[in-house]
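Participant: Pasting target_14.txt below, which is compact mmCIF, C-alpha atoms.
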```txt
# COMPACT_ATOMS: atom_id res chain seq x y z
CA MET A 1 -76.73 -65.29 103.75
CA LYS A 2 -74.29 -67.00 106.13
CA ARG A 3 -76.39 -66.10 109.16
CA LEU A 4 -79.45 -67.54 107.43
CA GLN A 5 -77.57 -70.78 106.85
CA GLU A 6 -76.41 -70.96 110.46
CA ASN A 7 -79.96 -70.45 111.65
CA ALA A 8 -81.16 -73.22 109.37
CA ARG A 9 -78.40 -75.53 110.57
CA ASN A 10 -79.11 -74.87 114.23
CA ARG A 11 -82.80 -75.58 113.88
CA GLY A 12 -82.22 -78.77 111.93
CA LEU A 13 -83.68 -77.32 108.75
CA GLY A 14 -82.12 -77.58 105.31
CA GLU A 15 -81.13 -81.14 104.61
CA SER A 16 -84.07 -83.47 104.22
CA LEU A 17 -83.95 -87.06 103.07
CA ILE A 18 -87.37 -86.83 101.40
CA ILE A 19 -86.45 -83.73 99.39
CA GLN A 20 -83.02 -85.04 98.43
CA THR A 21 -84.30 -88.43 97.30
CA SER A 22 -87.18 -86.98 95.28
CA VAL A 23 -84.89 -84.40 93.67
CA ARG A 24 -82.41 -87.12 92.77
CA ILE A 25 -85.22 -89.05 91.07
CA LEU A 26 -86.78 -85.99 89.43
CA VAL A 27 -83.72 -84.30 87.96
CA PRO A 28 -83.14 -86.72 85.02
CA PHE A 29 -86.79 -86.42 84.00
CA ILE A 30 -86.67 -82.62 84.23
CA GLN A 31 -83.61 -82.61 81.99
CA LEU A 32 -85.27 -84.99 79.53
CA PHE A 33 -88.31 -82.71 79.45
CA GLY A 34 -86.05 -79.70 78.83
CA LEU A 35 -84.46 -81.46 75.85
CA TYR A 36 -87.94 -82.38 74.61
CA ILE A 37 -89.04 -78.74 74.77
CA ILE A 38 -86.00 -77.64 72.75
CA VAL A 39 -86.36 -80.37 70.14
CA HIS A 40 -90.14 -80.14 69.87
CA GLY A 41 -90.18 -76.36 69.39
CA HIS A 42 -91.00 -76.87 65.70
CA TYR A 43 -94.32 -78.54 66.45
CA SER A 44 -95.57 -77.18 69.77
CA PRO A 45 -94.98 -74.22 72.07
CA GLY A 46 -91.38 -74.30 73.17
CA GLY A 47 -87.94 -73.71 71.80
CA GLY A 48 -84.50 -72.74 72.92
CA PHE A 49 -85.34 -70.18 75.57
CA GLN A 50 -87.97 -72.25 77.36
CA GLY A 51 -86.08 -75.53 77.13
CA GLY A 52 -82.89 -73.85 78.31
CA VAL A 53 -84.68 -72.44 81.34
CA VAL A 54 -86.03 -75.90 82.27
CA LEU A 55 -82.56 -77.45 81.85
CA GLY A 56 -81.02 -74.72 83.98
CA ALA A 57 -83.73 -75.14 86.61
CA SER A 58 -82.76 -78.80 87.04
CA PHE A 59 -79.25 -77.80 88.12
CA ILE A 60 -80.62 -75.03 90.34
CA LEU A 61 -82.90 -77.63 91.96
CA LEU A 62 -79.84 -79.77 92.68
CA ALA A 63 -78.12 -76.79 94.26
CA LEU A 64 -81.18 -76.01 96.37
CA ALA A 65 -81.83 -79.56 97.61
CA PHE A 66 -78.20 -80.49 98.28
CA ASP A 67 -75.72 -77.63 98.17
CA LEU A 68 -73.88 -75.62 95.60
CA ARG A 69 -70.87 -77.92 95.52
CA THR A 70 -73.06 -80.86 94.51
CA SER A 71 -74.35 -79.00 91.49
CA THR A 72 -70.83 -77.95 90.49
CA ARG A 73 -69.85 -81.62 90.63
CA TYR A 74 -72.40 -82.45 87.91
CA LEU A 75 -71.76 -79.30 85.88
CA SER A 76 -68.33 -77.86 86.56
CA GLU A 77 -67.74 -74.12 86.55
CA ARG A 78 -65.42 -74.41 83.58
CA ALA A 79 -67.82 -76.55 81.52
CA ASN A 80 -70.63 -74.17 82.40
CA MET A 81 -68.90 -71.09 81.01
CA LEU A 82 -67.59 -73.08 78.03
CA LEU A 83 -71.07 -74.33 77.08
CA GLY A 84 -72.55 -70.85 77.46
CA ASN A 85 -69.94 -69.44 75.09
CA VAL A 86 -70.43 -72.34 72.67
CA GLY A 87 -74.21 -71.72 72.64
CA VAL A 88 -73.86 -68.09 71.57
CA LEU A 89 -71.09 -68.98 69.12
CA VAL A 90 -73.31 -71.66 67.51
CA TYR A 91 -75.96 -69.05 66.80
CA VAL A 92 -73.61 -66.33 65.54
CA GLY A 93 -71.45 -68.88 63.71
CA THR A 94 -74.47 -70.27 61.86
CA GLY A 95 -75.29 -66.76 60.71
CA PHE A 96 -71.76 -66.12 59.52
CA LEU A 97 -71.57 -69.54 57.85
CA CYS A 98 -74.71 -68.69 55.87
CA ALA A 99 -73.14 -65.40 54.79
CA VAL A 100 -69.87 -67.12 53.84
CA MET A 101 -71.70 -69.78 51.82
CA GLY A 102 -73.21 -67.12 49.58
CA GLY A 103 -76.55 -66.32 51.20
CA LEU A 104 -77.63 -63.49 53.43
CA PHE A 105 -76.74 -63.37 57.13
CA LEU A 106 -78.88 -66.05 58.89
CA ASP A 107 -80.40 -67.19 55.58
CA TYR A 108 -80.25 -70.92 56.34
CA SER A 109 -81.10 -72.01 52.81
CA ALA A 110 -77.54 -71.06 51.80
CA LEU A 111 -76.24 -73.99 53.88
CA GLU A 112 -77.50 -76.31 51.16
CA ALA A 113 -74.09 -75.88 49.51
CA ILE A 114 -72.55 -77.92 52.38
CA VAL A 115 -75.12 -80.71 52.79
CA PRO A 116 -77.72 -80.96 50.01
CA LEU A 117 -80.97 -81.40 51.90
CA GLY A 118 -83.10 -78.94 49.96
CA ALA A 119 -83.35 -75.22 50.60
CA ILE A 120 -86.67 -75.33 52.47
CA GLU A 121 -85.60 -78.30 54.58
CA TRP A 122 -82.45 -76.40 55.51
CA ARG A 123 -84.50 -73.45 56.71
CA SER A 124 -86.28 -75.82 59.10
CA PHE A 125 -83.04 -77.49 60.19
CA GLY A 126 -81.25 -74.15 60.56
CA ILE A 127 -83.90 -73.04 63.05
CA PHE A 128 -83.20 -76.23 65.02
CA ILE A 129 -79.45 -75.61 65.14
CA VAL A 130 -80.04 -72.07 66.31
CA GLU A 131 -82.51 -73.19 68.98
CA VAL A 132 -79.96 -75.64 70.37
CA GLY A 133 -77.47 -72.77 70.62
CA VAL A 134 -80.02 -70.60 72.41
CA GLY A 135 -80.86 -73.46 74.79
CA LEU A 136 -77.21 -74.01 75.72
CA ALA A 137 -76.61 -70.32 76.32
CA VAL A 138 -79.77 -69.77 78.39
CA MET A 139 -79.21 -72.88 80.51
CA ASN A 140 -75.63 -72.04 81.43
CA ILE A 141 -76.22 -68.34 81.98
CA MET A 142 -79.15 -69.17 84.30
CA VAL A 143 -77.10 -71.62 86.34
CA SER A 144 -74.18 -69.23 86.45
CA LEU A 145 -76.42 -66.35 87.62
CA PHE A 146 -77.82 -68.53 90.41
CA TRP A 147 -74.38 -69.67 91.53
CA ASP A 148 -72.96 -66.17 91.63
CA LEU A 149 -75.94 -64.41 93.17
CA GLY A 150 -76.65 -67.22 95.64
CA SER A 151 -73.14 -67.47 97.04
CA GLY A 152 -71.92 -63.90 96.56
CA GLY A 153 -69.52 -65.06 93.86
CA ALA A 154 -67.54 -67.44 96.08
CA LEU A 155 -69.21 -70.61 94.73
CA ASP A 156 -68.72 -72.37 98.06
CA GLU A 157 -71.93 -73.09 99.91
CA GLY A 158 -74.74 -71.04 98.40
CA LEU A 159 -78.33 -71.16 99.50
CA MET B 1 -83.29 -31.27 91.38
CA LYS B 2 -85.62 -34.13 92.30
CA THR B 3 -88.64 -32.02 91.39
CA LEU B 4 -87.04 -31.23 88.06
CA ALA B 5 -86.41 -34.93 87.37
CA LEU B 6 -89.98 -35.79 88.34
CA LEU B 7 -91.29 -33.03 86.08
CA ALA B 8 -89.18 -34.23 83.15
CA THR B 9 -90.41 -37.81 83.69
CA VAL B 10 -94.04 -36.78 83.88
CA VAL B 11 -93.79 -34.56 80.78
CA THR B 12 -92.02 -37.30 78.77
CA GLY B 13 -94.58 -39.86 79.91
CA ALA B 14 -97.44 -37.57 78.94
CA ILE B 15 -95.94 -37.00 75.49
CA LEU B 16 -95.49 -40.75 74.98
CA LEU B 17 -99.05 -41.44 76.12
CA TYR B 18 -100.28 -38.75 73.73
CA GLY B 19 -98.33 -40.47 70.96
CA THR B 20 -100.11 -43.77 71.58
CA MET B 21 -103.46 -42.15 70.76
CA ASP B 22 -102.63 -42.40 67.04
CA PHE B 23 -102.05 -46.15 67.29
CA PRO B 24 -104.56 -48.50 65.68
CA ALA B 25 -106.93 -50.22 68.11
CA TRP B 26 -105.73 -53.50 69.63
CA GLY B 27 -106.47 -56.36 67.22
CA ASP B 28 -107.74 -53.98 64.52
CA PRO B 29 -107.94 -56.03 61.27
CA GLN B 30 -107.45 -52.86 59.21
CA SER B 31 -104.16 -51.85 60.84
CA PRO B 32 -101.06 -51.95 58.58
CA ALA B 33 -99.51 -54.84 60.50
CA SER B 34 -102.61 -56.99 59.98
CA THR B 35 -103.06 -56.11 56.32
CA HIS B 36 -99.48 -56.52 55.10
CA LEU B 37 -97.20 -58.60 57.28
CA SER B 38 -99.37 -61.06 59.22
CA PRO B 39 -101.18 -62.55 56.20
CA VAL B 40 -97.85 -63.17 54.47
CA TYR B 41 -96.51 -65.04 57.50
CA ILE B 42 -99.72 -67.03 57.99
CA GLU B 43 -99.98 -68.01 54.35
CA LYS B 44 -96.34 -68.68 53.52
CA ALA B 45 -94.53 -69.66 56.73
CA VAL B 46 -95.28 -73.39 56.54
CA ALA B 47 -94.57 -73.61 52.82
CA GLU B 48 -91.33 -71.64 53.05
CA THR B 49 -89.80 -73.17 56.16
CA HIS B 50 -91.56 -76.54 56.73
CA VAL B 51 -92.12 -75.57 60.37
CA PRO B 52 -95.73 -76.18 61.48
CA ASN B 53 -95.36 -73.82 64.45
CA ILE B 54 -95.49 -70.34 62.90
CA VAL B 55 -94.20 -68.74 66.09
CA THR B 56 -90.97 -70.74 65.85
CA ALA B 57 -90.70 -69.99 62.13
CA ILE B 58 -90.95 -66.24 62.75
CA LEU B 59 -88.69 -66.33 65.81
CA GLY B 60 -85.95 -68.44 64.29
CA ASP B 61 -86.08 -67.55 60.62
CA TYR B 62 -87.85 -64.31 59.68
CA ARG B 63 -86.81 -62.58 62.89
CA GLY B 64 -83.55 -64.48 63.39
CA TYR B 65 -81.50 -61.31 63.75
CA ASP B 66 -83.68 -60.17 66.67
CA THR B 67 -83.43 -63.56 68.39
CA MET B 68 -79.66 -63.58 67.95
CA PHE B 69 -79.28 -60.35 69.87
CA GLU B 70 -81.74 -61.54 72.52
CA THR B 71 -79.32 -64.40 73.13
CA VAL B 72 -76.38 -62.01 73.13
CA VAL B 73 -78.16 -59.77 75.67
CA ILE B 74 -78.66 -62.74 78.03
CA TYR B 75 -75.05 -63.74 77.49
CA CYS B 76 -73.82 -60.22 78.28
CA ALA B 77 -75.93 -60.12 81.45
CA GLY B 78 -74.46 -63.42 82.63
CA LEU B 79 -70.94 -62.30 81.75
CA ALA B 80 -71.39 -59.02 83.63
CA VAL B 81 -72.59 -60.80 86.79
CA VAL B 82 -69.69 -63.26 86.60
CA SER B 83 -67.10 -60.53 86.08
CA VAL B 84 -68.49 -58.39 88.93
CA LEU B 85 -69.22 -61.04 91.54
CA ARG B 86 -67.13 -64.13 91.03
CA ARG B 87 -64.00 -64.43 93.12
CA ARG B 88 -62.06 -67.65 93.49
CA GLU B 89 -59.26 -68.15 95.93
CA SER B 90 -57.10 -70.68 94.14
```
Take the structure in this file and express it as structure tokens.
Facilitator:
Amino acid sequence: MKRLQENARNRGLGESLIIQTSVRILVPFIQLFGLYIIVHGHYSPGGGFQGGVVLGASFILLALAFDLRTSTRYLSERANMLLGNVGVLVYVGTGFLCAVMGGLFLDYSALEAIVPLGAIEWRSFGIFIVEVGVGLAVMNIMVSLFWDLGSGGALDEGL
Amino acid sequence: MKTLALLATVVTGAILLYGTMDFPAWGDPQSPASTHLSPVYIEKAVAETHVPNIVTAILGDYRGYDTMFETVVIYCAGLAVVSVLRRRES
């Protein structure tokens, strides 16, 4: 990996103004599209897994166009692991909350006891909560995999 | 030893392939899955969950337990890579 980077540096490859500028412009739109995919999963193809992958890809694109440190400046290592844990906990916690509120495990209609929206409406909204959890987990695990595999775990320069 | 492993793999694969011969044909409307489960989902998913996309309704609601452990599997994979590779000199 290091030798590859030195080769790229010596030949003047790697940093490019065109790529960096276009990535800087594109990344917010990619993230917006990722959020759209998560939120719109009820009405069109999409959902937590796909939206999370698109969100994670935006940070990987930052790391590819600039370097790994730039992407850790926008999404710190600590926040990354925290959000990944929160995503899984949101899913599992929703299931346990349903069980505690008197329904079956992951039976979202039991959440009506907390906020009275209607049992069927809660089943729709429960899916949304769960998809957000999946999206958070997938996004952060993807970014974390790229960071660790791309830099050999040192999180210094990366690809 | 390698020959033995290859033999065991081939025999197991052959048995599994033989087992698939009893499966219903792909897309067979008379298969049990198409006569019992699929019609219920198609007819009741929108009324029961208010989600127009039946795939999301099945993934998030009827098969929520499966999706939960899919997420946990991804989480475990990420955690394993972090715990094996990451080293920070601080």
Participant: What's the separation between CA of Ile37 (chain A) and CA of Phe96 (chain A), in Å to one decimal place?
Facilitator: 26.3 Å
Participant: I need the residue nearest chain A from this list: B:Leu59, B:Ala25, B:Ala33, B:Ala14. Use only C-alpha atoms for the distance.
Facilitator: B:Leu59
Participant: When the cut-off is 10 Å and we count only C-alpha atoms, which residues of chain A are near chain B, given as a VMD selection string?
Facilitator: chain A and resid 40 to 49 81 84 to 85 87 to 89 91 to 92 95 105 to 109 119 to 131 133 to 135 137 to 138 140 to 149 151 to 156
Participant: Kindly give the distance, in Å, that separates CA of Leu37 (chain B) and CA of Asp22 (chain B), rounded to a single decimal.
Facilitator: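 Pair CA of Leu37 (chain B) / CA of Asp22 (chain B) returns 19.7 Å.
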Participant: Residues at most 12 Å from Pro24 (chain B), counting only C-alpha atoms, excluding those fewer than 6 positions away in the same chain, as a PyMOL selection string?
Facilitator: chain B and resi 30-34
Participant: If you measure from CA of Arg24 (chain A) to CA of Ser76 (chain A), what distance in Å do you get, rounded to one decimal?
Facilitator: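 Between CA of Arg24 (chain A) and CA of Ser76 (chain A) the gap is 18.0 Å.
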Participant: Any chance you could work out the axis-aligned box around region 126-137 of chain A, listed atoms only, 3 Å on each side, giving centre and edge lengths in Å to one decimal, as AutoDock Vina command-line options?
Facilitator:
```
--center_x -80.3 --center_y -73.3 --center_z 68.4 --size_x 13.3 --size_y 11.9 --size_z 21.8
```
Participant: Atoms are missing here; could region 20-46 of chain A be completed with N, CA and C atoms and written as a PDB file, in the coordinates of the input?
Facilitator:
```pdb
ATOM      1  N   GLN A  20     -84.196 -84.648  99.205  1.00  0.00           N
ATOM      2  CA  GLN A  20     -83.020 -85.040  98.430  1.00  0.00           C
ATOM      3  C   GLN A  20     -83.298 -86.247  97.554  1.00  0.00           C
ATOM      4  N   THR A  21     -84.014 -87.235  98.099  1.00  0.00           N
ATOM      5  CA  THR A  21     -84.300 -88.430  97.300  1.00  0.00           C
ATOM      6  C   THR A  21     -85.203 -88.084  96.125  1.00  0.00           C
ATOM      7  N   SER A  22     -86.266 -87.278  96.387  1.00  0.00           N
ATOM      8  CA  SER A  22     -87.180 -86.980  95.280  1.00  0.00           C
ATOM      9  C   SER A  22     -86.493 -86.121  94.228  1.00  0.00           C
ATOM     10  N   VAL A  23     -85.616 -85.204  94.659  1.00  0.00           N
ATOM     11  CA  VAL A  23     -84.890 -84.400  93.670  1.00  0.00           C
ATOM     12  C   VAL A  23     -83.975 -85.282  92.841  1.00  0.00           C
ATOM     13  N   ARG A  24     -83.328 -86.244  93.511  1.00  0.00           N
ATOM     14  CA  ARG A  24     -82.410 -87.120  92.770  1.00  0.00           C
ATOM     15  C   ARG A  24     -83.177 -87.912  91.714  1.00  0.00           C
ATOM     16  N   ILE A  25     -84.419 -88.310  92.052  1.00  0.00           N
ATOM     17  CA  ILE A  25     -85.220 -89.050  91.070  1.00  0.00           C
ATOM     18  C   ILE A  25     -85.735 -88.122  89.982  1.00  0.00           C
ATOM     19  N   LEU A  26     -86.107 -86.889  90.365  1.00  0.00           N
ATOM     20  CA  LEU A  26     -86.780 -85.990  89.430  1.00  0.00           C
ATOM     21  C   LEU A  26     -85.842 -85.381  88.393  1.00  0.00           C
ATOM     22  N   VAL A  27     -84.595 -85.099  88.816  1.00  0.00           N
ATOM     23  CA  VAL A  27     -83.720 -84.300  87.960  1.00  0.00           C
ATOM     24  C   VAL A  27     -83.529 -84.878  86.548  1.00  0.00           C
ATOM     25  N   PRO A  28     -83.278 -86.205  86.383  1.00  0.00           N
ATOM     26  CA  PRO A  28     -83.140 -86.720  85.020  1.00  0.00           C
ATOM     27  C   PRO A  28     -84.380 -86.488  84.162  1.00  0.00           C
ATOM     28  N   PHE A  29     -85.563 -86.618  84.768  1.00  0.00           N
ATOM     29  CA  PHE A  29     -86.790 -86.420  84.000  1.00  0.00           C
ATOM     30  C   PHE A  29     -86.973 -84.959  83.623  1.00  0.00           C
ATOM     31  N   ILE A  30     -86.585 -84.051  84.541  1.00  0.00           N
ATOM     32  CA  ILE A  30     -86.670 -82.620  84.230  1.00  0.00           C
ATOM     33  C   ILE A  30     -85.754 -82.300  83.052  1.00  0.00           C
ATOM     34  N   GLN A  31     -84.541 -82.889  83.076  1.00  0.00           N
ATOM     35  CA  GLN A  31     -83.610 -82.610  81.990  1.00  0.00           C
ATOM     36  C   GLN A  31     -84.111 -83.192  80.668  1.00  0.00           C
ATOM     37  N   LEU A  32     -84.703 -84.379  80.742  1.00  0.00           N
ATOM     38  CA  LEU A  32     -85.270 -84.990  79.530  1.00  0.00           C
ATOM     39  C   LEU A  32     -86.385 -84.107  78.977  1.00  0.00           C
ATOM     40  N   PHE A  33     -87.214 -83.586  79.882  1.00  0.00           N
ATOM     41  CA  PHE A  33     -88.310 -82.710  79.450  1.00  0.00           C
ATOM     42  C   PHE A  33     -87.774 -81.415  78.840  1.00  0.00           C
ATOM     43  N   GLY A  34     -86.667 -80.897  79.404  1.00  0.00           N
ATOM     44  CA  GLY A  34     -86.050 -79.700  78.830  1.00  0.00           C
ATOM     45  C   GLY A  34     -85.569 -79.952  77.407  1.00  0.00           C
ATOM     46  N   LEU A  35     -84.914 -81.113  77.203  1.00  0.00           N
ATOM     47  CA  LEU A  35     -84.460 -81.460  75.850  1.00  0.00           C
ATOM     48  C   LEU A  35     -85.649 -81.601  74.911  1.00  0.00           C
ATOM     49  N   TYR A  36     -86.741 -82.208  75.438  1.00  0.00           N
ATOM     50  CA  TYR A  36     -87.940 -82.380  74.610  1.00  0.00           C
ATOM     51  C   TYR A  36     -88.489 -81.024  74.181  1.00  0.00           C
ATOM     52  N   ILE A  37     -88.501 -80.063  75.119  1.00  0.00           N
ATOM     53  CA  ILE A  37     -89.040 -78.740  74.770  1.00  0.00           C
ATOM     54  C   ILE A  37     -88.200 -78.098  73.681  1.00  0.00           C
ATOM     55  N   ILE A  38     -86.863 -78.233  73.781  1.00  0.00           N
ATOM     56  CA  ILE A  38     -86.000 -77.640  72.750  1.00  0.00           C
ATOM     57  C   ILE A  38     -86.260 -78.302  71.404  1.00  0.00           C
ATOM     58  N   VAL A  39     -86.278 -79.641  71.401  1.00  0.00           N
ATOM     59  CA  VAL A  39     -86.360 -80.370  70.140  1.00  0.00           C
ATOM     60  C   VAL A  39     -87.738 -80.223  69.518  1.00  0.00           C
ATOM     61  N   HIS A  40     -88.780 -80.161  70.376  1.00  0.00           N
ATOM     62  CA  HIS A  40     -90.140 -80.140  69.870  1.00  0.00           C
ATOM     63  C   HIS A  40     -90.643 -78.732  69.589  1.00  0.00           C
ATOM     64  N   GLY A  41     -89.752 -77.736  69.625  1.00  0.00           N
ATOM     65  CA  GLY A  41     -90.180 -76.360  69.390  1.00  0.00           C
ATOM     66  C   GLY A  41     -90.772 -76.133  68.016  1.00  0.00           C
ATOM     67  N   HIS A  42     -90.460 -77.034  67.046  1.00  0.00           N
ATOM     68  CA  HIS A  42     -91.000 -76.870  65.700  1.00  0.00           C
ATOM     69  C   HIS A  42     -92.487 -77.202  65.638  1.00  0.00           C
ATOM     70  N   TYR A  43     -92.963 -78.015  66.594  1.00  0.00           N
ATOM     71  CA  TYR A  43     -94.320 -78.540  66.450  1.00  0.00           C
ATOM     72  C   TYR A  43     -95.257 -78.086  67.557  1.00  0.00           C
ATOM     73  N   SER A  44     -94.728 -77.567  68.646  1.00  0.00           N
ATOM     74  CA  SER A  44     -95.570 -77.180  69.770  1.00  0.00           C
ATOM     75  C   SER A  44     -94.918 -75.974  70.436  1.00  0.00           C
ATOM     76  N   PRO A  45     -95.630 -75.317  71.347  1.00  0.00           N
ATOM     77  CA  PRO A  45     -94.980 -74.220  72.070  1.00  0.00           C
ATOM     78  C   PRO A  45     -93.703 -74.693  72.726  1.00  0.00           C
ATOM     79  N   GLY A  46     -92.680 -73.907  72.614  1.00  0.00           N
ATOM     80  CA  GLY A  46     -91.380 -74.300  73.170  1.00  0.00           C
ATOM     81  C   GLY A  46     -90.273 -73.715  72.348  1.00  0.00           C
TER      82      GLY A  46
END
```
